[in-house]
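Novice: Contents of work_5.txt (compact mmCIF, C-alpha atoms):
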```
# COMPACT_ATOMS: atom_id res chain seq x y z
CA MET A 21 1.35 -24.16 15.64
CA ALA A 22 1.41 -23.03 12.03
CA LEU A 23 3.73 -24.20 9.27
CA ARG A 24 5.44 -21.95 6.76
CA LEU A 25 6.09 -23.82 3.52
CA ARG A 26 8.29 -22.86 0.61
CA LYS A 27 6.80 -22.61 -2.87
CA THR A 28 8.37 -23.62 -6.15
CA CYS A 29 8.47 -20.85 -8.74
CA LYS A 30 7.51 -21.69 -12.30
CA LYS A 31 9.55 -18.74 -13.54
CA PRO A 32 13.21 -19.74 -13.18
CA THR A 33 15.42 -17.45 -11.13
CA SER A 34 19.06 -17.51 -10.11
CA GLU A 35 18.44 -15.46 -6.98
CA SER A 36 19.39 -17.22 -3.76
CA ALA A 37 16.68 -16.57 -1.20
CA ILE A 38 17.52 -15.33 2.29
CA CYS A 39 15.82 -17.50 4.89
CA ILE A 40 12.94 -15.81 6.63
CA ASP A 41 14.23 -16.63 10.13
CA ASP A 42 17.59 -14.97 9.41
CA PHE A 43 15.90 -11.97 7.79
CA VAL A 44 13.68 -11.43 10.82
CA SER A 45 16.29 -12.07 13.52
CA GLU A 46 19.16 -10.15 11.90
CA VAL A 47 17.47 -7.36 9.93
CA LEU A 48 13.88 -6.66 10.93
CA VAL A 49 14.63 -6.94 14.64
CA ASN A 50 16.50 -3.64 14.24
CA ILE A 51 13.48 -1.98 12.62
CA LEU A 52 10.35 -3.29 14.36
CA SER A 53 9.58 -4.21 17.96
CA LYS A 54 11.09 -7.59 18.83
CA ASP A 55 8.02 -8.57 20.85
CA ALA A 56 5.80 -8.13 17.78
CA LEU A 57 7.96 -10.20 15.43
CA PRO A 58 7.37 -13.93 14.83
CA PHE A 59 9.70 -16.68 15.97
CA TYR A 60 10.50 -19.39 13.43
CA ARG A 61 11.79 -22.87 14.18
CA ARG A 62 13.44 -24.81 11.38
CA ILE A 63 12.26 -28.37 10.81
CA TYR A 64 14.62 -30.27 8.53
CA ALA A 65 12.79 -32.27 5.89
CA ASP A 66 13.28 -36.02 6.31
CA THR A 67 11.22 -38.65 4.50
CA LYS A 68 8.30 -38.28 6.93
CA VAL A 69 8.18 -34.51 6.40
CA ILE A 70 8.30 -35.00 2.62
CA GLN A 71 5.41 -37.46 2.80
CA PHE A 72 3.45 -35.00 4.94
CA LEU A 73 4.04 -32.21 2.41
CA GLN A 74 2.83 -34.43 -0.41
CA GLU A 75 -0.39 -35.12 1.49
CA ILE A 76 -0.88 -31.42 2.27
CA SER A 77 -0.26 -30.48 -1.35
CA ALA A 78 -2.79 -33.02 -2.60
CA LYS A 79 -5.46 -31.60 -0.27
CA CYS A 80 -4.71 -27.88 -0.56
CA GLU A 81 -3.53 -27.10 -4.09
CA GLY A 82 -7.02 -27.36 -5.54
CA MET A 83 -8.33 -24.80 -3.04
CA ARG A 84 -5.73 -22.14 -3.89
CA PRO A 85 -6.70 -19.35 -6.32
CA GLN A 86 -5.86 -20.19 -9.92
CA HIS A 87 -3.45 -17.29 -10.39
CA ARG A 88 -1.47 -18.47 -7.36
CA ARG A 89 -1.37 -22.06 -8.61
CA GLU A 90 -0.09 -20.81 -11.95
CA SER A 91 2.78 -18.92 -10.31
CA GLY A 92 3.97 -21.80 -8.15
CA SER A 93 3.08 -24.70 -5.87
CA ILE A 94 4.25 -26.17 -2.56
CA ASP A 95 7.91 -27.20 -2.71
CA LEU A 96 7.86 -30.96 -2.13
CA GLU A 97 11.65 -31.26 -1.81
CA PRO A 98 12.70 -28.49 0.62
CA THR A 99 15.75 -28.65 2.83
CA TYR A 100 13.57 -27.52 5.72
CA ILE A 101 10.23 -25.94 6.60
CA PHE A 102 9.41 -23.52 9.41
CA ALA A 103 7.11 -23.83 12.41
CA THR A 104 5.69 -20.70 14.00
CA GLN A 105 2.85 -19.60 16.25
CA ASP A 106 -0.70 -20.01 14.95
CA LEU A 107 -2.16 -16.54 15.46
CA THR A 108 -5.62 -17.36 14.14
CA CYS A 109 -6.78 -19.14 17.29
CA ASN A 110 -6.20 -17.77 20.76
CA VAL A 111 -5.72 -20.46 23.40
CA SER A 112 -7.59 -18.32 25.92
CA PRO A 113 -11.21 -19.41 26.44
CA ILE A 114 -12.18 -15.76 26.90
CA SER A 115 -11.41 -14.67 23.37
CA CYS A 116 -11.41 -16.37 20.01
CA PHE A 117 -12.04 -13.50 17.57
CA VAL A 118 -8.94 -12.36 15.71
CA ALA A 119 -8.48 -9.75 13.00
CA GLU A 120 -5.72 -9.89 10.38
CA ILE A 121 -5.04 -6.52 8.76
CA LYS A 122 -2.69 -5.60 5.92
CA PRO A 123 -2.23 -1.83 6.46
CA LYS A 124 -0.07 -1.07 3.34
CA CYS A 125 1.93 2.13 2.75
CA GLY A 126 1.03 4.74 5.35
CA PHE A 127 2.83 7.89 4.16
CA LEU A 128 2.54 10.36 1.29
CA TYR A 129 5.58 10.71 -0.94
CA GLU A 130 7.70 13.80 -0.26
CA GLY A 131 10.67 13.28 -2.62
CA HIS A 132 11.18 14.49 -6.16
CA THR A 133 8.39 13.34 -8.46
CA LEU A 134 6.78 14.21 -11.77
CA ASP A 135 3.41 13.10 -10.37
CA ALA A 136 1.93 15.65 -7.96
CA ASN A 137 -0.87 13.21 -7.13
CA LYS A 138 1.61 11.17 -5.07
CA ARG A 139 1.70 14.03 -2.58
CA LEU A 140 -2.10 14.10 -2.26
CA TYR A 141 -3.30 10.51 -2.51
CA SER A 142 -2.07 7.27 -0.93
CA ARG A 143 -0.32 4.74 -3.12
CA TYR A 144 -2.91 2.17 -2.05
CA ARG A 145 -5.85 4.21 -3.31
CA MET A 146 -4.09 5.15 -6.53
CA GLN A 147 -3.28 1.51 -7.19
CA SER A 148 -6.90 0.49 -6.53
CA ILE A 149 -7.90 2.64 -9.51
CA TYR A 150 -5.20 1.02 -11.65
CA LYS A 151 -6.46 -2.45 -10.67
CA ALA A 152 -10.03 -1.44 -11.51
CA GLU A 153 -8.92 -0.19 -14.91
CA LEU A 154 -7.10 -3.48 -15.57
CA ALA A 155 -10.18 -5.44 -14.53
CA ILE A 156 -12.40 -3.47 -16.88
CA GLY A 157 -9.95 -4.00 -19.72
CA ASN A 158 -9.78 -7.73 -19.06
CA GLN A 159 -13.57 -8.00 -18.61
CA GLN A 160 -13.14 -9.75 -15.29
CA SER A 161 -16.12 -11.11 -13.41
CA GLN A 162 -17.68 -9.51 -10.37
CA ALA A 163 -16.15 -12.25 -8.20
CA GLN A 164 -12.81 -10.62 -8.92
CA ASN A 165 -14.00 -7.40 -7.32
CA HIS A 166 -13.94 -4.84 -10.15
CA THR A 167 -16.35 -4.75 -13.07
CA THR A 168 -17.35 -1.11 -13.42
CA ASP A 169 -15.73 2.28 -13.21
CA VAL A 170 -15.01 3.44 -9.64
CA SER A 171 -17.12 6.46 -8.76
CA ARG A 172 -15.73 9.32 -6.71
CA ALA A 173 -18.08 8.40 -3.85
CA GLU A 174 -16.91 4.78 -3.86
CA PHE A 175 -13.28 5.93 -4.00
CA GLU A 176 -13.77 8.16 -0.95
CA ALA A 177 -15.50 5.34 0.97
CA ARG A 178 -12.66 2.90 0.49
CA TYR A 179 -9.96 2.18 3.01
CA ASP A 180 -7.09 4.69 3.13
CA PRO A 181 -3.88 3.68 4.96
CA ILE A 182 -3.00 7.33 5.60
CA ASP A 183 -6.02 7.54 7.90
CA LEU A 184 -5.24 4.30 9.74
CA PHE A 185 -1.70 5.47 10.58
CA SER A 186 -2.83 8.91 11.73
CA ALA A 187 -3.30 9.68 15.42
CA ASP A 188 -6.70 11.27 14.78
CA TYR A 189 -9.64 9.26 16.14
CA ASP A 190 -12.08 10.28 13.38
CA ARG A 191 -9.59 9.42 10.62
CA VAL A 192 -8.78 6.03 12.17
CA GLN A 193 -12.51 5.39 12.46
CA ALA A 194 -12.92 6.22 8.76
CA ALA A 195 -10.07 3.83 7.89
CA VAL A 196 -11.52 0.98 9.97
CA THR A 197 -14.97 1.55 8.48
CA GLY A 198 -13.38 1.43 5.04
CA LEU A 199 -11.64 -1.86 5.87
CA CYS A 200 -14.90 -3.37 7.09
CA GLY A 201 -16.76 -2.08 4.03
CA ASP A 202 -14.15 -3.57 1.73
CA PHE A 203 -14.53 -6.90 3.57
CA VAL A 204 -18.33 -6.98 3.44
CA PHE A 205 -18.66 -5.71 -0.12
CA SER A 206 -15.70 -7.79 -1.40
CA ARG A 207 -13.80 -4.77 -2.70
CA ALA A 208 -10.42 -5.78 -1.28
CA ASN A 209 -8.79 -8.32 1.03
CA ASN A 210 -6.90 -6.15 3.52
CA LEU A 211 -9.06 -7.40 6.40
CA HIS A 212 -9.44 -11.06 7.34
CA LEU A 213 -11.40 -12.30 10.34
CA TRP A 214 -10.88 -15.51 12.29
CA HIS A 215 -13.19 -17.11 14.86
CA ALA A 216 -11.88 -20.06 16.88
CA GLY A 217 -9.34 -20.68 14.14
CA LYS A 218 -11.94 -20.59 11.34
CA HIS A 219 -11.36 -18.13 8.51
CA LEU A 220 -14.62 -16.19 8.17
CA LYS A 221 -15.87 -15.54 4.63
CA TRP A 222 -18.59 -13.12 3.59
CA PRO A 223 -21.45 -13.94 3.27
CA MET A 224 -20.96 -17.67 3.91
CA ASN A 225 -20.17 -17.16 7.61
CA LEU A 226 -22.65 -14.35 8.23
CA ALA A 227 -24.28 -16.17 11.16
CA ILE A 228 -20.97 -16.47 13.04
CA LEU A 229 -20.18 -12.82 12.36
CA GLN A 230 -23.61 -11.73 13.59
CA GLU A 231 -23.05 -13.64 16.83
CA VAL A 232 -19.59 -12.17 17.34
CA ILE A 233 -20.62 -8.55 16.82
CA GLY A 234 -24.00 -8.97 18.53
CA VAL A 235 -26.54 -8.15 15.81
CA SER A 236 -29.44 -10.16 14.44
CA GLU A 237 -30.08 -8.13 11.31
CA GLN A 238 -28.46 -9.07 8.00
CA ASP A 239 -28.17 -5.51 6.69
CA PRO A 240 -24.61 -5.24 5.26
CA CYS A 241 -24.30 -1.56 6.18
CA LEU A 242 -25.22 -2.36 9.79
CA ILE A 243 -22.69 -5.20 9.83
CA VAL A 244 -20.00 -2.81 8.58
CA ARG A 245 -20.80 -0.21 11.22
CA GLU A 246 -20.94 -2.64 14.16
CA LEU A 247 -17.85 -4.53 13.06
CA ALA A 248 -15.97 -1.24 12.85
CA ASN A 249 -17.21 -0.28 16.33
CA LEU A 250 -15.81 -3.58 17.63
CA LEU A 251 -12.41 -3.20 15.99
CA LEU A 252 -11.84 0.51 16.60
CA PRO A 253 -11.10 0.48 20.38
CA ARG A 254 -8.48 -2.23 19.94
CA LEU A 255 -6.79 -0.37 17.09
CA MET A 256 -6.77 2.85 19.12
CA HIS A 257 -4.97 1.23 22.06
CA PRO A 258 -1.71 3.13 22.79
CA GLN A 259 0.47 0.01 22.45
CA ILE A 260 -0.91 -0.76 19.00
CA ARG A 261 -0.67 2.90 17.96
CA GLN A 262 3.02 2.80 18.93
CA GLU A 263 3.67 -0.30 16.81
CA LEU A 264 1.90 1.25 13.81
CA ASP A 265 3.81 4.49 14.27
CA THR A 266 7.11 2.58 14.31
CA LEU A 267 6.12 0.80 11.11
CA VAL A 268 5.12 3.87 9.11
CA LYS A 269 8.19 5.85 10.17
CA ALA A 270 10.40 2.98 9.01
CA GLN A 271 8.49 2.75 5.72
CA ALA A 272 9.13 6.42 5.03
CA ARG A 273 12.74 6.50 6.28
CA LEU A 274 13.76 3.58 4.08
CA ASP A 275 11.99 4.92 1.00
CA ALA A 276 12.87 8.61 1.10
CA ILE A 277 14.10 8.49 -2.51
CA GLY A 278 11.29 6.33 -3.84
CA ILE A 279 11.17 4.08 -6.89
CA GLU A 280 10.82 7.10 -9.17
CA GLY A 281 14.04 8.59 -7.79
CA ILE A 282 15.78 5.23 -8.03
CA ALA A 283 14.68 4.87 -11.66
CA THR A 284 15.97 8.38 -12.45
CA ALA A 285 19.36 7.60 -10.89
CA TRP A 286 19.51 4.26 -12.71
CA ASP A 287 18.93 6.01 -16.03
CA ARG A 288 21.71 8.51 -15.25
CA LEU A 289 24.29 6.01 -14.00
CA THR A 290 23.66 3.08 -16.38
CA GLY A 291 22.48 4.87 -19.51
CA SER A 292 19.31 2.78 -19.77
CA ARG A 293 15.81 2.81 -18.33
CA LEU A 294 15.24 0.62 -15.29
CA GLU A 295 11.73 -0.44 -16.31
CA HIS A 296 13.05 -1.73 -19.66
CA CYS A 297 15.74 -3.99 -18.17
CA THR A 298 15.59 -7.65 -19.10
CA MET A 299 17.61 -10.16 -17.14
CA GLY A 300 19.28 -11.61 -20.22
CA LYS A 301 20.59 -8.29 -21.57
CA LEU A 302 22.46 -6.55 -18.76
CA SER A 303 25.75 -4.71 -18.64
CA GLU A 304 28.29 -5.59 -15.95
CA LEU A 305 27.16 -2.63 -13.82
CA GLN A 306 23.49 -3.52 -14.22
CA THR A 307 24.23 -7.13 -13.32
CA ASP A 308 26.00 -6.01 -10.15
CA LEU A 309 23.17 -3.65 -9.22
CA LEU A 310 20.55 -6.37 -9.64
CA ALA A 311 22.54 -9.10 -7.88
CA PRO A 312 20.87 -10.84 -4.90
CA ALA A 313 21.14 -8.80 -1.70
CA SER A 314 23.07 -10.20 1.26
CA LEU A 315 22.10 -9.96 4.91
CA GLU A 316 24.97 -7.52 5.44
CA GLU A 317 23.66 -5.27 2.67
CA TYR A 318 20.18 -5.37 4.20
CA LYS A 319 21.55 -4.45 7.61
CA ARG A 320 23.61 -1.60 6.17
CA ALA A 321 20.65 -0.25 4.19
CA ALA A 322 18.40 -0.48 7.25
CA ALA A 323 20.87 1.53 9.33
CA TYR A 324 22.01 4.04 6.69
CA PRO A 325 19.50 4.50 3.86
CA PRO A 326 20.88 7.15 1.47
CA LYS A 327 19.12 10.50 1.16
CA ALA A 328 20.64 11.15 -2.27
CA ILE A 329 22.22 9.03 -5.01
CA GLU A 330 25.65 10.20 -6.17
CA ASN A 331 27.20 6.93 -7.36
CA ALA A 332 26.55 3.24 -7.98
CA LEU A 333 27.04 2.29 -4.32
CA ASP A 334 24.43 4.85 -3.27
CA LEU A 335 22.08 3.46 -5.91
CA ARG A 336 22.59 -0.12 -4.76
CA THR A 337 21.96 0.84 -1.13
CA ALA A 338 18.88 2.89 -2.06
CA MET A 339 17.51 -0.07 -4.02
CA ILE A 340 17.90 -2.42 -1.06
CA ALA A 341 16.43 0.16 1.34
CA HIS A 342 13.46 0.47 -1.03
CA LEU A 343 13.01 -3.29 -0.95
CA LEU A 344 13.06 -3.24 2.84
CA SER A 345 10.39 -0.57 2.77
CA ALA A 346 8.42 -2.70 0.29
CA THR A 347 8.49 -5.57 2.80
CA LEU A 348 7.16 -3.22 5.49
CA LYS A 349 4.43 -1.98 3.13
CA ASP A 350 3.30 -5.55 2.53
CA VAL A 351 3.22 -6.84 6.12
CA SER A 352 0.07 -7.91 7.91
CA PHE A 353 -0.65 -7.98 11.61
CA PHE A 354 -2.86 -10.11 13.82
CA VAL A 355 -4.66 -8.62 16.77
CA ASP A 356 -6.95 -10.27 19.30
CA VAL A 357 -10.11 -8.19 19.13
CA ASN A 358 -11.41 -8.92 22.62
CA SER A 359 -8.45 -9.19 24.98
CA LYS A 360 -4.73 -8.85 24.27
CA THR A 361 -3.41 -5.51 23.06
CA GLN A 362 -0.20 -6.83 21.50
CA LEU A 363 -0.17 -7.07 17.72
CA HIS A 364 1.90 -9.63 15.83
CA TRP A 365 3.55 -8.96 12.46
CA VAL A 366 3.46 -11.59 9.68
CA ASP A 367 4.22 -11.67 5.92
CA LEU A 368 7.76 -10.39 6.41
CA ASP A 369 9.44 -11.88 3.36
CA PRO A 370 12.40 -10.10 1.77
CA LYS A 371 11.66 -8.82 -1.73
CA SER A 372 13.73 -9.80 -4.74
CA VAL A 373 16.09 -7.18 -6.16
CA ARG A 374 15.12 -8.39 -9.62
CA LYS A 375 11.59 -7.09 -9.10
CA LEU A 376 12.80 -3.49 -9.22
CA PRO A 377 12.34 -3.08 -13.00
CA HIS A 378 8.75 -4.27 -12.56
CA TYR A 379 8.26 -1.88 -9.61
CA ALA A 380 9.46 1.03 -11.75
CA LEU A 381 7.14 0.12 -14.61
CA LEU A 382 4.19 -0.42 -12.26
CA ASP A 383 4.77 2.95 -10.60
CA ALA A 384 4.55 4.73 -13.96
CA GLN A 385 1.45 2.77 -14.95
CA ILE A 386 -0.30 3.60 -11.68
CA SER A 387 0.43 7.31 -12.13
CA GLU A 388 -0.90 7.31 -15.70
CA SER A 389 -4.02 5.33 -14.78
CA PHE A 390 -4.86 7.51 -11.78
CA ALA A 391 -4.35 10.73 -13.77
CA ARG A 392 -6.86 9.49 -16.38
CA TRP A 393 -9.38 8.58 -13.68
CA LEU A 394 -8.92 11.83 -11.77
CA LYS A 395 -9.53 13.88 -14.90
CA SER A 396 -13.06 12.48 -15.16
CA HIS A 397 -13.61 12.19 -11.38
CA PRO A 398 -12.33 15.44 -9.85
CA PRO A 399 -12.89 16.19 -6.14
CA GLY A 400 -16.50 17.03 -5.47
CA SER A 401 -17.83 15.09 -8.47
```
I need this file expressed as structure tokens, please.
Specialist:
Amino acid sequence: MALRLRKTCKKPTSESAICIDDFVSEVLVNILSKDALPFYRRIYADTKVIQFLQEISAKCEGMRPQHRRESGSIDLEPTYIFATQDLTCNVSPISCFVAEIKPKCGFLYEGHTLDANKRLYSRYRMQSIYKAELAIGNQQSQAQNHTTDVSRAEFEARYDPIDLFSADYDRVQAAVTGLCGDFVFSRANNLHLWHAGKHLKWPMNLAILQEVIGVSEQDPCLIVRELANLLLPRLMHPQIRQELDTLVKAQARLDAIGIEGIATAWDRLTGSRLEHCTMGKLSELQTDLLAPASLEEYKRAAAYPPKAIENALDLRTAMIAHLLSATLKDVSFFVDVNSKTQLHWVDLDPKSVRKLPHYALLDAQISESFARWLKSHPPGS
């Protein structure tokens, strides 16, 4: 069993959160395969639960990354917490090696855009360049993954979600190799590995990883290749391919307009730029558009995402559909590497409507950053 705990947010918000169990059972069940979705059981917080949370917080808070501690901590006064299946440890004695993968956005943008690069490069790869640029500007340490400019060769070697979601064996192999390379060389955290419930870290748990994949050498490149060879057959299984295909089609269907199109419609209908909105200075229309989304609105957006924005209702529905797509772009899945073929989705939280101004600003910043990088790193360089 695993517990899902609420966090307190140090930035005050008036948005009323939709409970994850309702969001999954009433909204996502109509988008993804029911068998792959988690089941949550509510545990109401009495004094014993509160005491337990206090003990957990005292032991765990210090181990969380600093940036996560700064944004919030475990809520020690929740109405309830959730119990769900622990997917990191298979009860079967035959298998105990589990992979957790965050696939990200698996389609290229086809809507109206001022950035032609969106039609050629995945959002994930474009954003990796933006993150590297930020890291250079902030003079971050190597432990935070990015200290130098990303070369064209390194860019091409990195994981690309477009390849993982394709049906082509060679492209899926390239994606899996990229995931394993990112894991071994600490370039990203889209792949996590678990052995008998233990979260494997590189290089601290190298010996366990060597045993699992059956190699004695410590050569990182060999580890990457053999780990990819172990993961690839499972990720090519028809049942898993079907689940991934369902996910990427839903991502694209719900985000046909895109944040750039939403921002353009916002500008036209409200007379202001979405990325410049501040919560304390909103018109009545802007306040309505950025109000918390209800379950009924989520269900309507999931069933009928607009293909064009003609009025404020279209804009509101497109915004909520975009947030649904954002949830699907941020999911992870667990898969048992050695036996079961069923994958299990996790990280299915609904996104806040009030994040849309940030999403619009981030989208523009990613486009500008990638254009600068591409100018000095053209294909073939």
Novice: Name the closest residue to Glu97 (chain A) among the candidates A:Asp66, A:Glu81, A:Glu388, A:Asp180; distances are taken between atoms, counting only C-alpha atoms.
Specialist: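 Using only C-alpha atoms, the shortest distance to Glu97 (chain A) belongs to A:Asp66.
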Novice: Around (-4.3, -28.4, 7.5) in the file's frame, which residues reach within 12 Å when counting all atoms listed in the file? Return as a PyMOL selection string?
Specialist: chain A and resi 21-24+72-73+75-81+83+106+217-218
Novice: Mind pulling up the distance from CA of Glu316 (chain A) to CA of Val47 (chain A)?
Specialist: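 A separation of 8.7 Å between them.
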Novice: Of the candidates A:Lys138, A:Arg62, A:Lys395, A:His257, which shows the shortest atom-to-atom distance to Ser359 (chain A), using only C-alpha atoms?
Specialist: A:His257
Novice: Mind pulling up the distance from CA of Leu242 (chain A) to CA of Phe205 (chain A)?
Specialist: 12.3 Å
Novice: With distances taken over all atoms listed in the file, which residue among A:Glu153, A:Asp41, A:Asp135, A:Asp350 lies nearest Gln271 (chain A)?
Specialist: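 Using all atoms listed in the file, Gln271 (chain A) sits closest to A:Asp350.
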Novice: Excluding Ile63 (chain A) and any residue of its chain fewer than 3 positions from it, enumerate the residues within 6 Å of it, using all atoms listed in the file, and give them as a short mmCIF file (atom, residue, chain, number, x, y, z; two decimals) with C-alpha atoms, in the coordinates of the input.
Specialist:
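result-v6.cif was written with the following content:
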```cif
data_model
loop_
_atom_site.label_atom_id
_atom_site.label_comp_id
_atom_site.auth_asym_id
_atom_site.auth_seq_id
_atom_site.Cartn_x
_atom_site.Cartn_y
_atom_site.Cartn_z
CA TYR A 100 13.57 -27.52 5.72
CA ILE A 101 10.23 -25.94 6.60
CA PHE A 102 9.41 -23.52 9.41
#
```
Novice: Could you work out how far CA of Tyr60 (chain A) lies from CA of Gln74 (chain A), giving the answer in Å with one decimal?
Specialist: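 CA of Tyr60 (chain A) lies 21.8 Å from CA of Gln74 (chain A).
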Novice: Determine, counting all atoms listed in the file, which protein, DNA and RNA residues have an atom within 10 Å of an atom of Cys39 (chain A); residues of the same chain fewer than 6 positions away are not included. Present the result as a list in words.
Specialist: Phe102, Leu315, Asp369 and Pro370 of chain A
Novice: Complete region 193-205 of chain A at the level of N, CA and C atoms, written as an mmCIF file, in the coordinates of the input.
Specialist:
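Result written to rebuild17.cif:
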```cif
data_model
loop_
_atom_site.group_PDB
_atom_site.id
_atom_site.type_symbol
_atom_site.label_atom_id
_atom_site.label_comp_id
_atom_site.auth_asym_id
_atom_site.auth_seq_id
_atom_site.Cartn_x
_atom_site.Cartn_y
_atom_site.Cartn_z
ATOM 1 N N GLN A 193 -11.160 5.958 12.571
ATOM 2 C CA GLN A 193 -12.510 5.390 12.460
ATOM 3 C C GLN A 193 -12.916 5.262 10.985
ATOM 4 N N ALA A 194 -12.603 6.284 10.190
ATOM 5 C CA ALA A 194 -12.920 6.220 8.760
ATOM 6 C C ALA A 194 -12.157 5.083 8.085
ATOM 7 N N ALA A 195 -10.883 4.897 8.475
ATOM 8 C CA ALA A 195 -10.070 3.830 7.890
ATOM 9 C C ALA A 195 -10.632 2.451 8.262
ATOM 10 N N VAL A 196 -10.995 2.266 9.515
ATOM 11 C CA VAL A 196 -11.520 0.980 9.970
ATOM 12 C C VAL A 196 -12.868 0.697 9.305
ATOM 13 N N THR A 197 -13.692 1.721 9.178
ATOM 14 C CA THR A 197 -14.970 1.550 8.480
ATOM 15 C C THR A 197 -14.733 1.170 7.022
ATOM 16 N N GLY A 198 -13.720 1.785 6.409
ATOM 17 C CA GLY A 198 -13.380 1.430 5.040
ATOM 18 C C GLY A 198 -12.909 -0.007 4.918
ATOM 19 N N LEU A 199 -12.084 -0.465 5.860
ATOM 20 C CA LEU A 199 -11.640 -1.860 5.870
ATOM 21 C C LEU A 199 -12.824 -2.812 5.978
ATOM 22 N N CYS A 200 -13.732 -2.499 6.891
ATOM 23 C CA CYS A 200 -14.900 -3.370 7.090
ATOM 24 C C CYS A 200 -15.809 -3.349 5.868
ATOM 25 N N GLY A 201 -15.958 -2.168 5.251
ATOM 26 C CA GLY A 201 -16.760 -2.080 4.030
ATOM 27 C C GLY A 201 -16.145 -2.867 2.896
ATOM 28 N N ASP A 202 -14.823 -2.793 2.762
ATOM 29 C CA ASP A 202 -14.150 -3.570 1.730
ATOM 30 C C ASP A 202 -14.325 -5.067 1.956
ATOM 31 N N PHE A 203 -14.329 -5.489 3.239
ATOM 32 C CA PHE A 203 -14.530 -6.900 3.570
ATOM 33 C C PHE A 203 -15.942 -7.344 3.214
ATOM 34 N N VAL A 204 -16.946 -6.585 3.638
ATOM 35 C CA VAL A 204 -18.330 -6.980 3.440
ATOM 36 C C VAL A 204 -18.729 -6.918 1.967
ATOM 37 N N PHE A 205 -18.267 -5.884 1.273
ATOM 38 C CA PHE A 205 -18.660 -5.710 -0.120
ATOM 39 C C PHE A 205 -17.639 -6.281 -1.104
#
```
